[in-house]
Each structure stands twice: as C-alpha cells, then as structure tokens.
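Q: Dropping in my_file_24.txt, with compact mmCIF, C-alpha atoms.
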```txt
# COMPACT_ATOMS: atom_id res chain seq x y z
CA MET N 1400 -22.81 -44.22 -1.79
CA SER N 1401 -20.25 -41.39 -1.78
CA ALA N 1402 -21.64 -40.05 -5.09
CA LYS N 1403 -25.14 -39.94 -3.60
CA LYS N 1404 -23.90 -38.04 -0.57
CA SER N 1405 -22.02 -35.62 -2.80
CA GLY N 1406 -25.13 -34.97 -4.90
CA THR N 1407 -27.22 -34.40 -1.78
CA LYS N 1408 -24.67 -31.94 -0.44
CA LYS N 1409 -24.55 -29.99 -3.71
CA LYS N 1410 -28.32 -29.78 -3.85
CA ALA N 1411 -28.49 -28.52 -0.27
CA LYS N 1412 -25.85 -25.92 -1.00
CA SER N 1413 -27.72 -24.61 -4.04
CA LYS N 1414 -30.95 -24.47 -2.07
CA ARG N 1415 -29.24 -22.55 0.73
CA ALA N 1416 -27.74 -20.06 -1.67
CA LYS N 1417 -30.87 -19.24 -3.69
CA PRO N 1418 -32.83 -16.16 -2.54
CA ALA N 1419 -36.07 -16.61 -0.66
CA SER N 1420 -37.80 -13.77 -2.50
CA SER N 1421 -37.89 -12.23 -5.94
CA GLY N 1422 -35.54 -9.48 -4.81
CA GLY N 1423 -37.22 -6.74 -6.81
CA SER N 1424 -35.34 -5.24 -9.75
CA TYR N 1425 -32.13 -7.15 -8.90
CA GLY N 1426 -33.84 -10.47 -8.23
CA LEU N 1427 -32.61 -12.19 -11.39
CA SER N 1428 -29.00 -11.13 -10.86
CA PHE N 1429 -29.10 -12.28 -7.24
CA SER N 1430 -30.68 -15.58 -8.21
CA VAL N 1431 -27.95 -16.30 -10.76
CA ALA N 1432 -25.19 -15.03 -8.47
CA SER N 1433 -26.34 -17.33 -5.66
CA ASP N 1434 -26.84 -20.47 -7.70
CA SER N 1435 -23.82 -22.74 -7.23
CA SER N 1436 -25.01 -25.05 -10.02
CA LEU N 1437 -24.26 -22.37 -12.64
CA SER N 1438 -20.88 -21.53 -14.17
CA ALA N 1439 -18.49 -19.27 -12.29
CA LYS N 1440 -18.34 -16.94 -15.31
CA ALA N 1441 -22.12 -16.45 -15.35
CA ARG N 1442 -22.25 -15.88 -11.61
CA VAL N 1443 -19.39 -13.37 -11.60
CA ALA N 1444 -21.10 -11.34 -14.32
CA GLU N 1445 -24.24 -11.04 -12.18
CA ILE N 1446 -22.43 -10.46 -8.90
CA ASP N 1447 -20.72 -7.45 -10.45
CA LYS N 1448 -24.18 -5.89 -10.97
CA LEU N 1449 -25.20 -6.09 -7.32
CA ALA N 1450 -23.26 -3.25 -5.66
CA ASN N 1451 -26.34 -1.03 -5.25
CA ALA N 1452 -28.46 -3.99 -4.19
CA VAL N 1453 -26.10 -4.74 -1.30
CA CYS N 1454 -26.88 -1.31 0.17
CA GLU N 1455 -30.61 -1.68 -0.36
CA SER N 1456 -31.28 -5.29 0.65
CA ASP N 1457 -30.41 -7.28 3.76
CA GLU N 1458 -31.00 -10.43 1.74
CA VAL N 1459 -28.47 -9.50 -0.95
CA PHE N 1460 -25.94 -8.32 1.62
CA ARG N 1461 -26.18 -11.57 3.58
CA GLY N 1462 -26.05 -13.56 0.35
CA MET N 1463 -22.83 -11.88 -0.81
CA VAL N 1464 -21.23 -12.37 2.59
CA ALA N 1465 -22.24 -16.04 2.53
CA VAL N 1466 -20.69 -16.52 -0.91
CA LEU N 1467 -17.52 -14.75 0.18
CA ARG N 1468 -17.13 -16.87 3.32
CA ASP N 1469 -17.88 -20.17 1.62
CA LYS N 1470 -14.50 -21.82 0.95
CA ALA N 1471 -16.19 -24.34 -1.36
CA GLU N 1472 -17.16 -21.60 -3.81
CA PRO N 1473 -14.92 -21.03 -6.87
CA PRO N 1474 -12.21 -18.44 -6.12
CA ALA N 1475 -13.41 -16.18 -8.95
CA VAL N 1476 -16.92 -16.11 -7.47
CA ARG N 1477 -15.66 -15.33 -3.97
CA ARG N 1478 -13.43 -12.56 -5.28
CA ALA N 1479 -16.33 -11.07 -7.20
CA ALA N 1480 -18.45 -11.07 -4.03
CA LEU N 1481 -15.64 -9.29 -2.19
CA ARG N 1482 -15.34 -6.67 -4.95
CA THR N 1483 -19.07 -6.02 -4.84
CA LEU N 1484 -19.10 -5.65 -1.06
CA GLN N 1485 -16.14 -3.28 -1.25
CA ALA N 1486 -17.81 -1.20 -3.97
CA SER N 1487 -20.93 -0.96 -1.82
CA SER N 1488 -18.93 0.18 1.19
CA PHE N 1489 -17.94 3.37 -0.65
CA SER N 1490 -21.56 4.54 -0.31
CA VAL N 1491 -20.87 5.73 3.21
CA VAL N 1492 -24.41 6.71 4.24
CA ALA N 1493 -26.29 3.93 2.45
CA PHE N 1494 -23.89 1.24 3.68
CA ASN N 1495 -23.55 2.51 7.23
CA ALA N 1496 -26.07 0.09 8.77
CA ARG N 1497 -24.12 -2.87 7.37
CA ARG N 1498 -20.58 -1.66 8.04
CA SER N 1499 -20.15 -3.42 11.38
CA SER N 1500 -21.23 -6.79 9.93
CA TYR N 1501 -19.06 -6.17 6.88
CA LEU N 1502 -15.95 -5.55 8.98
CA THR N 1503 -16.67 -8.59 11.11
CA ALA N 1504 -16.85 -10.71 7.95
CA LEU N 1505 -13.56 -9.26 6.69
CA ARG N 1506 -11.79 -9.99 9.99
CA GLY N 1507 -12.86 -13.60 9.67
CA LEU N 1508 -11.01 -13.83 6.35
CA THR N 1509 -7.59 -12.52 7.38
CA GLY N 1510 -6.32 -16.10 7.42
CA ASP N 1511 -8.03 -17.17 4.20
CA ALA N 1512 -6.17 -19.71 2.06
CA ASP N 1513 -6.65 -17.55 -1.06
CA LEU N 1514 -3.78 -15.02 -1.04
CA GLU N 1515 -5.63 -12.60 -3.31
CA ILE N 1516 -8.63 -12.52 -1.00
CA ARG N 1517 -6.41 -12.33 2.08
CA GLN N 1518 -4.46 -9.43 0.65
CA SER N 1519 -7.59 -7.57 -0.43
CA VAL N 1520 -9.22 -8.08 2.97
CA PHE N 1521 -6.20 -6.67 4.79
CA GLY N 1522 -6.18 -3.73 2.42
CA MET N 1523 -9.83 -2.95 3.14
CA LEU N 1524 -9.32 -3.30 6.89
CA ALA N 1525 -6.20 -1.14 6.79
CA ARG N 1526 -8.12 1.65 5.07
CA GLU N 1527 -10.68 1.37 7.86
CA ARG N 1528 -7.80 1.68 10.37
CA ASP N 1529 -8.82 -1.60 11.90
CA GLY N 1530 -6.81 -2.38 15.03
CA HIS N 1531 -7.19 -6.16 14.70
CA ALA N 1532 -5.69 -6.16 11.20
CA GLN N 1533 -2.87 -3.84 12.25
CA GLN N 1534 -1.94 -6.15 15.12
CA LEU N 1535 -1.85 -9.19 12.83
CA LEU N 1536 0.38 -7.35 10.36
CA LEU N 1537 2.80 -6.32 13.12
CA GLU N 1538 2.92 -9.84 14.51
CA GLY N 1539 3.79 -11.16 11.08
CA LEU N 1540 6.65 -8.70 10.74
CA GLU N 1541 8.02 -9.54 14.18
CA GLU N 1542 7.59 -13.29 13.69
CA PRO N 1543 7.80 -14.21 9.99
CA SER N 1544 6.45 -17.72 10.69
CA LYS N 1545 3.12 -16.06 11.59
CA ALA N 1546 3.07 -13.70 8.60
CA LEU N 1547 -0.17 -13.61 6.66
CA LEU N 1548 1.21 -11.31 3.96
CA PRO N 1549 4.64 -10.66 2.42
CA PRO N 1550 6.58 -8.15 4.57
CA GLU N 1551 6.62 -5.41 1.93
CA LYS N 1552 2.81 -5.58 1.62
CA ALA N 1553 2.34 -5.58 5.39
CA LEU N 1554 4.52 -2.47 5.74
CA GLN N 1555 2.67 -0.74 2.93
CA LEU N 1556 -0.68 -1.37 4.62
CA LEU N 1557 0.56 -0.30 8.04
CA SER N 1558 1.51 3.05 6.54
CA TYR N 1559 -2.20 3.91 6.17
CA ASP N 1560 -2.33 4.54 9.91
CA VAL N 1561 1.14 4.45 11.40
CA HIS N 1562 1.46 3.79 15.13
CA SER N 1563 4.69 4.15 17.08
CA GLU N 1564 4.95 0.40 17.69
CA ALA N 1565 5.52 -0.11 13.95
CA TYR N 1566 8.71 1.99 13.95
CA PRO N 1567 11.05 -0.41 15.79
CA VAL N 1568 9.99 -3.26 13.52
CA ALA N 1569 10.52 -1.14 10.40
CA ARG N 1570 13.98 -0.07 11.57
CA LYS N 1571 14.97 -3.72 12.04
CA ILE N 1572 13.82 -4.49 8.51
CA VAL N 1573 15.87 -1.61 7.07
CA LYS N 1574 18.98 -2.96 8.79
CA LYS N 1575 18.29 -6.60 7.92
CA PRO N 1576 15.74 -6.71 5.08
CA PRO N 1577 14.18 -9.97 3.85
CA ASN N 1578 14.12 -8.46 0.34
CA PRO N 1579 14.75 -5.07 -1.34
CA GLU N 1580 11.04 -4.26 -1.58
CA ALA N 1581 10.58 -4.67 2.17
CA LYS N 1582 13.49 -2.32 2.85
CA ARG N 1583 11.95 0.29 0.56
CA GLU N 1584 8.54 0.09 2.24
CA ALA N 1585 10.12 0.17 5.71
CA LEU N 1586 11.93 3.41 4.85
CA ARG N 1587 8.72 4.93 3.56
CA LEU N 1588 6.87 3.96 6.72
CA LEU N 1589 9.61 5.58 8.84
CA GLY N 1590 9.27 8.89 7.01
CA GLY N 1591 7.58 10.54 9.99
CA ASP N 1592 9.71 8.97 12.72
CA THR N 1593 12.06 11.43 14.40
CA GLY N 1594 13.94 8.53 15.92
CA SER N 1595 15.04 7.37 12.46
CA THR N 1596 16.91 10.54 11.45
CA ALA N 1597 20.36 8.96 11.83
CA LEU N 1598 19.21 5.94 9.84
CA PHE N 1599 18.08 8.14 6.95
CA GLU N 1600 21.36 10.05 7.01
CA SER N 1601 23.28 6.79 6.85
CA VAL N 1602 21.29 5.50 3.89
CA LEU N 1603 21.53 8.80 2.03
CA ARG N 1604 25.32 9.00 2.32
CA ASN N 1605 25.95 5.34 1.52
CA LYS N 1606 26.90 5.19 -2.17
CA LYS N 1607 26.37 1.42 -2.15
CA GLU N 1608 22.66 1.83 -1.39
CA ASP N 1609 20.06 1.75 -4.15
CA PRO N 1610 19.54 5.30 -5.51
CA GLU N 1611 15.78 5.04 -4.94
CA LEU N 1612 16.33 4.32 -1.24
CA ARG N 1613 18.70 7.26 -0.99
CA ARG N 1614 16.12 9.56 -2.58
CA ILE N 1615 13.45 8.29 -0.16
CA SER N 1616 15.86 9.09 2.67
CA ALA N 1617 16.43 12.60 1.32
CA ALA N 1618 12.69 13.24 1.24
CA ALA N 1619 12.33 12.01 4.83
CA LEU N 1620 15.19 14.21 6.03
CA GLN N 1621 13.59 17.25 4.43
CA THR N 1622 10.79 16.77 6.96
CA LEU N 1623 12.77 15.44 9.91
CA LYS N 1624 16.05 17.37 9.76
CA PRO N 1625 16.27 19.85 6.86
CA SER N 1626 19.44 21.52 8.15
CA ALA N 1627 21.31 18.22 8.03
CA LEU N 1628 19.92 17.44 4.58
CA GLN N 1629 21.41 20.63 3.14
CA GLY N 1630 24.87 19.61 4.30
CA HIS N 1631 24.53 16.10 2.91
CA ALA N 1632 23.14 17.37 -0.39
CA ARG N 1633 26.07 19.77 -0.77
CA GLU N 1634 28.64 16.99 -0.27
CA ILE N 1635 26.85 14.73 -2.74
CA VAL N 1636 26.84 17.44 -5.41
CA LEU N 1637 30.56 18.00 -4.91
CA ASP N 1638 31.36 14.27 -5.16
CA ASP N 1639 32.04 13.31 -8.78
CA ASP N 1640 31.94 9.62 -7.84
CA ASP N 1641 28.40 9.75 -6.53
CA ASP N 1642 25.31 8.56 -8.40
CA ASP N 1643 24.02 11.09 -10.95
CA ASP N 1644 20.37 10.62 -10.03
CA VAL N 1645 21.13 11.25 -6.36
CA ARG N 1646 23.21 14.30 -7.31
CA ALA N 1647 20.29 15.62 -9.35
CA THR N 1648 17.99 15.11 -6.35
CA SER N 1649 20.50 16.90 -4.14
CA LEU N 1650 20.61 19.87 -6.50
CA THR N 1651 16.82 20.04 -6.40
CA VAL N 1652 16.91 19.99 -2.60
CA LEU N 1653 19.39 22.85 -2.51
CA SER N 1654 17.49 24.89 -5.10
CA ARG N 1655 14.10 24.54 -3.45
CA PHE N 1656 14.86 24.39 0.24
CA GLY N 1657 18.41 25.65 0.77
CA ASP N 1658 19.54 28.56 2.92
CA ALA N 1659 19.89 31.41 0.40
CA THR N 1660 22.45 33.34 2.41
CA GLU N 1661 24.73 30.38 2.99
CA LEU N 1662 24.47 28.93 -0.50
CA GLY N 1663 24.81 32.31 -2.19
CA ARG N 1664 28.31 32.74 -0.81
CA ASP N 1665 29.42 29.12 -1.25
CA GLU N 1666 32.07 29.64 -3.96
CA LYS N 1667 33.14 26.00 -4.11
CA LEU N 1668 29.58 24.89 -4.78
CA ARG N 1669 29.08 27.65 -7.36
CA VAL N 1670 32.14 26.55 -9.32
CA LYS N 1671 31.04 22.92 -9.24
CA THR N 1672 27.48 23.63 -10.37
CA SER N 1673 28.78 25.86 -13.17
CA LYS N 1674 30.71 22.87 -14.49
CA LEU N 1675 27.77 20.53 -14.02
CA LYS N 1676 25.54 22.87 -15.99
CA SER N 1677 27.32 21.83 -19.16
CA ALA N 1678 28.99 18.53 -18.25
CA GLY N 1679 26.47 16.47 -16.26
CA THR N 1680 23.58 14.22 -17.22
CA ALA N 1681 20.36 15.87 -18.39
CA ALA N 1682 18.86 15.74 -14.88
CA VAL N 1683 22.04 17.07 -13.29
CA LYS N 1684 22.26 19.87 -15.85
CA ARG N 1685 18.70 20.95 -15.11
CA GLY N 1686 19.40 20.90 -11.39
CA ALA N 1687 22.60 22.89 -11.78
CA LYS N 1688 20.87 25.53 -13.92
CA ALA N 1689 18.07 25.90 -11.37
CA PHE N 1690 20.61 26.23 -8.55
CA LEU N 1691 22.66 28.89 -10.34
CA ALA N 1692 19.58 30.80 -11.44
CA LYS N 1693 18.33 31.03 -7.85
CA TYR N 1694 21.52 31.82 -6.00
CA HIS N 1695 23.88 33.37 -8.56
CA ASP N 1696 21.70 34.96 -11.25
CA GLU N 1697 23.19 32.77 -13.99
```
Reformat the file's structure so that it appears as structure tokens.
A:
Amino acid sequence: MSAKKSGTKKKAKSKRAKPASSGGSYGLSFSVASDSSLSAKARVAEIDKLANAVCESDEVFRGMVAVLRDKAEPPAVRRAALRTLQASSFSVVAFNARRSSYLTALRGLTGDADLEIRQSVFGMLARERDGHAQQLLLEGLEEPSKALLPPEKALQLLSYDVHSEAYPVARKIVKKPPNPEAKREALRLLGGDTGSTALFESVLRNKKEDPELRRISAAALQTLKPSALQGHAREIVLDDDDDDDVRATSLTVLSRFGDATELGRDEKLRVKTSKLKSAGTAAVKRGAKAFLAKYHDE
C-alpha cells in the first residue's frame, strides 16, 4: 500500500514539474530540468543552460523557483536552480519584472536545511541590501542559538551595507570572539566606526594579537585617527621585540602617510631605520629604505 502511494506521489510530482508548453528554443532543456524522474546530473546540466530563459519566460522562471523551493528535490538540482536564478538576476533590465518575486523566494529560504543554499541565499540578499536578511544576521550574532550562519560569515555579509546597529555587536565579538575568523571579520566591519578607535589602538599595540589583526587595525586607524596611527607606528618600528611584519607595515604607514616635518627631524627614528635597512627582514628592509629615501635622502 505504501509503495503504491509513493509511486502515485512521484508521478504527480513529475507531472507538476513538466512544462505545459514547448518553451520555444529552450523547451528541451526546461523539460529535462523539470523532470524529477531523470538523474540529477542530467537535470543540472540542462538547468545551467536556462539563465537567459529565466529572463524571457514566466514559465521557466516559475519552474526554477519551484525546483529551488522543493525540499524533496536533490540538493545538487536545487543548487543549480539557485545558480541559474542568480545568473539571470545580473541582467538588471531583463530581470527587473521578476526581481520582487525572486527576492520573496530567497527570503523564504533563509532557514533552509541545506547550509550551502542558506549561505548563498543570504549572500544574494545581502548584495541586494535586504533589510529582512540583515535583521536575521544581527539576531544570530546577538543570540547564537538563533544563528542561521556561522558568525564570521554573518559579519562578512553585514559589511556589504553596514548599519550602526551592527557596530555594538561587532565590538562584543572582538572582545569575546567565538573563533579567530569571527574576530577578524568583526574588526573589518568596524573599519568605518569612529566609536571603535580605542579598540583598534588596543589591538594594534598588543604584541600578543595576531599580526593580521594588528595590520587590519592599522588600516582602520589610518581612516579613523591618522595622527594617532603615526605615533603607534613609530613606537612599533623602534621596538626590536615587536613582530617584523607589523614593523614593516608601520614603516609603510610612516613612509606614505607620515608628517614630513616631524619625521624628517626625528633623529632616533632615523638611526633605527638606518640599522633596519641592512639588518631587518626583507619586508622591513624595503620599508626602511623607503622611509629613509623620503625623509632623509638616503
């Protein structure tokens, strides 16, 4: 009895999915793509051909959305449908009439069980600056039990259209990160936040921090508080116990953005960079040479 019901259900599904018309030049591809009785590999190959058809045909558009939303479809087939819809959306004018329905379909998949689809959907919505997706990402960062994506991915996507309400959450993550990647993405998101200047200074001067995070902090300070960055960069260059990569970055900061009058008469820094020109790592040597060439004609 159960087998009979199963067969009936499969037949109904296939009938629902098949196109009602020939579909013109893309009719064969759409027919194969929609037929759930065929192999996933065959269907994916045809779905990938339908990007232009999605823009031209309501039938194909609705069919791809139906495949994408159908949780019973093979994951590879659903992902292919999502790729094709995304590719179509890049044709701004041709796709414009379908964009509202497309975004509605994407919003309905933010809680999808397939992480790859969920992540892709959030990425597409983030690029559209979708408020609903942004709110879900923020909620997940504030309450990890509600998170739909890993925190580092959520922060990365929020950076497409940063709103002030994301800053407090990002600062909390920097101070108490769930993992190193989340801390890195939180710092990047805070790059335009004037309220995070002290935080960036603290990270930059902390020799226990990862060098990459310190360099991210230096870049942020160049925008937020360049005068403070020059002072920090000078102290880092003078500190023989500091990380060489961070010292090289600091030399670059001083060479490109430093106050020429102040640095030109800084004898202690000149002596140090003269030594580093021949005694540091390759990156430090290059930085020292650039510094001396700009401020001391060496």
Q: Need to verify the contact set: region 1539-1551 of chain N, 6 Å, all atoms listed in the file, exclusion of same-chain residues closer than 5 positions in sequence. Can you return it as a compact mmCIF listing (two decimals) with C-alpha atoms, in the coordinates of the input?
A:
```txt
# COMPACT_ATOMS: atom_id res chain seq x y z
CA GLU N 1580 11.04 -4.26 -1.58
CA ALA N 1581 10.58 -4.67 2.17
CA GLU N 1584 8.54 0.09 2.24
```
Q: So the first atom is CA of Ser1626 (chain N) and the second is CA of Glu1600 (chain N); what is the distance between them in Å, to one decimal place?
A: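 We find that CA of Ser1626 (chain N) and CA of Glu1600 (chain N) lie 11.7 Å from each other.
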Q: As an MDAnalysis selection string, please: the residues near region 1665-1671 of chain N (cut-off 10 Å, all atoms listed in the file, same-chain neighbours under 6 positions excluded).
A: chainID N and resid 1633:1634 1636:1639 1659 1687 1690:1691 1694:1695
Q: Would you save the residues from that selection as an mmCIF file, in the frame of the given file, using C-alpha atoms?
A:
```
data_model
loop_
_atom_site.group_PDB
_atom_site.id
_atom_site.type_symbol
_atom_site.label_atom_id
_atom_site.label_comp_id
_atom_site.auth_asym_id
_atom_site.auth_seq_id
_atom_site.Cartn_x
_atom_site.Cartn_y
_atom_site.Cartn_z
ATOM 1 C CA ARG N 1633 26.070 19.770 -0.770
ATOM 2 C CA GLU N 1634 28.640 16.990 -0.270
ATOM 3 C CA VAL N 1636 26.840 17.440 -5.410
ATOM 4 C CA LEU N 1637 30.560 18.000 -4.910
ATOM 5 C CA ASP N 1638 31.360 14.270 -5.160
ATOM 6 C CA ASP N 1639 32.040 13.310 -8.780
ATOM 7 C CA ALA N 1659 19.890 31.410 0.400
ATOM 8 C CA ALA N 1687 22.600 22.890 -11.780
ATOM 9 C CA PHE N 1690 20.610 26.230 -8.550
ATOM 10 C CA LEU N 1691 22.660 28.890 -10.340
ATOM 11 C CA TYR N 1694 21.520 31.820 -6.000
ATOM 12 C CA HIS N 1695 23.880 33.370 -8.560
#
```
Q: Mind giving me the straight-line distance from CA of Gly1426 (chain N) to CA of Ser1499 (chain N) in Å, one decimal?
A: 24.9 Å
Q: Go through N:Lys1676, N:Leu1505, N:Glu1527, N:Leu1586 one by one, measure the shortest atom-to-atom distance of each to Ala1647 (chain N) using only C-alpha atoms, and give the residue with the smallest value.
A: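 Result for the nearest residue to Ala1647 (chain N): N:Lys1676.
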Q: Taking only N, CA and C atoms, show region 1532-1543 of chain N of the given structure as a short mmCIF file (atom, residue, chain, number, x, y, z; two decimals), in the first residue's frame.
A:
```
data_model
loop_
_atom_site.label_atom_id
_atom_site.label_comp_id
_atom_site.auth_asym_id
_atom_site.auth_seq_id
_atom_site.Cartn_x
_atom_site.Cartn_y
_atom_site.Cartn_z
N ALA N 1532 17.04 40.14 5.65
CA ALA N 1532 18.23 39.30 5.82
C ALA N 1532 19.20 39.92 6.83
N GLN N 1533 19.37 41.22 6.76
CA GLN N 1533 20.27 41.89 7.71
C GLN N 1533 19.80 41.71 9.14
N GLN N 1534 18.50 41.80 9.35
CA GLN N 1534 17.96 41.64 10.70
C GLN N 1534 18.18 40.22 11.22
N LEU N 1535 18.00 39.23 10.37
CA LEU N 1535 18.22 37.84 10.77
C LEU N 1535 19.69 37.61 11.12
N LEU N 1536 20.59 38.20 10.36
CA LEU N 1536 22.02 38.04 10.63
C LEU N 1536 22.40 38.68 11.97
N LEU N 1537 21.86 39.85 12.23
CA LEU N 1537 22.12 40.53 13.51
C LEU N 1537 21.57 39.73 14.68
N GLU N 1538 20.37 39.21 14.52
CA GLU N 1538 19.77 38.41 15.60
C GLU N 1538 20.62 37.19 15.91
N GLY N 1539 21.17 36.58 14.87
CA GLY N 1539 22.01 35.41 15.07
C GLY N 1539 23.31 35.74 15.78
N LEU N 1540 23.84 36.94 15.56
CA LEU N 1540 25.05 37.35 16.25
C LEU N 1540 24.77 37.69 17.71
N GLU N 1541 23.62 38.28 17.96
CA GLU N 1541 23.26 38.64 19.33
C GLU N 1541 22.83 37.43 20.15
N GLU N 1542 22.16 36.49 19.48
CA GLU N 1542 21.71 35.26 20.14
C GLU N 1542 22.16 34.06 19.31
N PRO N 1543 23.34 33.52 19.61
CA PRO N 1543 23.90 32.42 18.82
C PRO N 1543 22.96 31.23 18.61
#
```
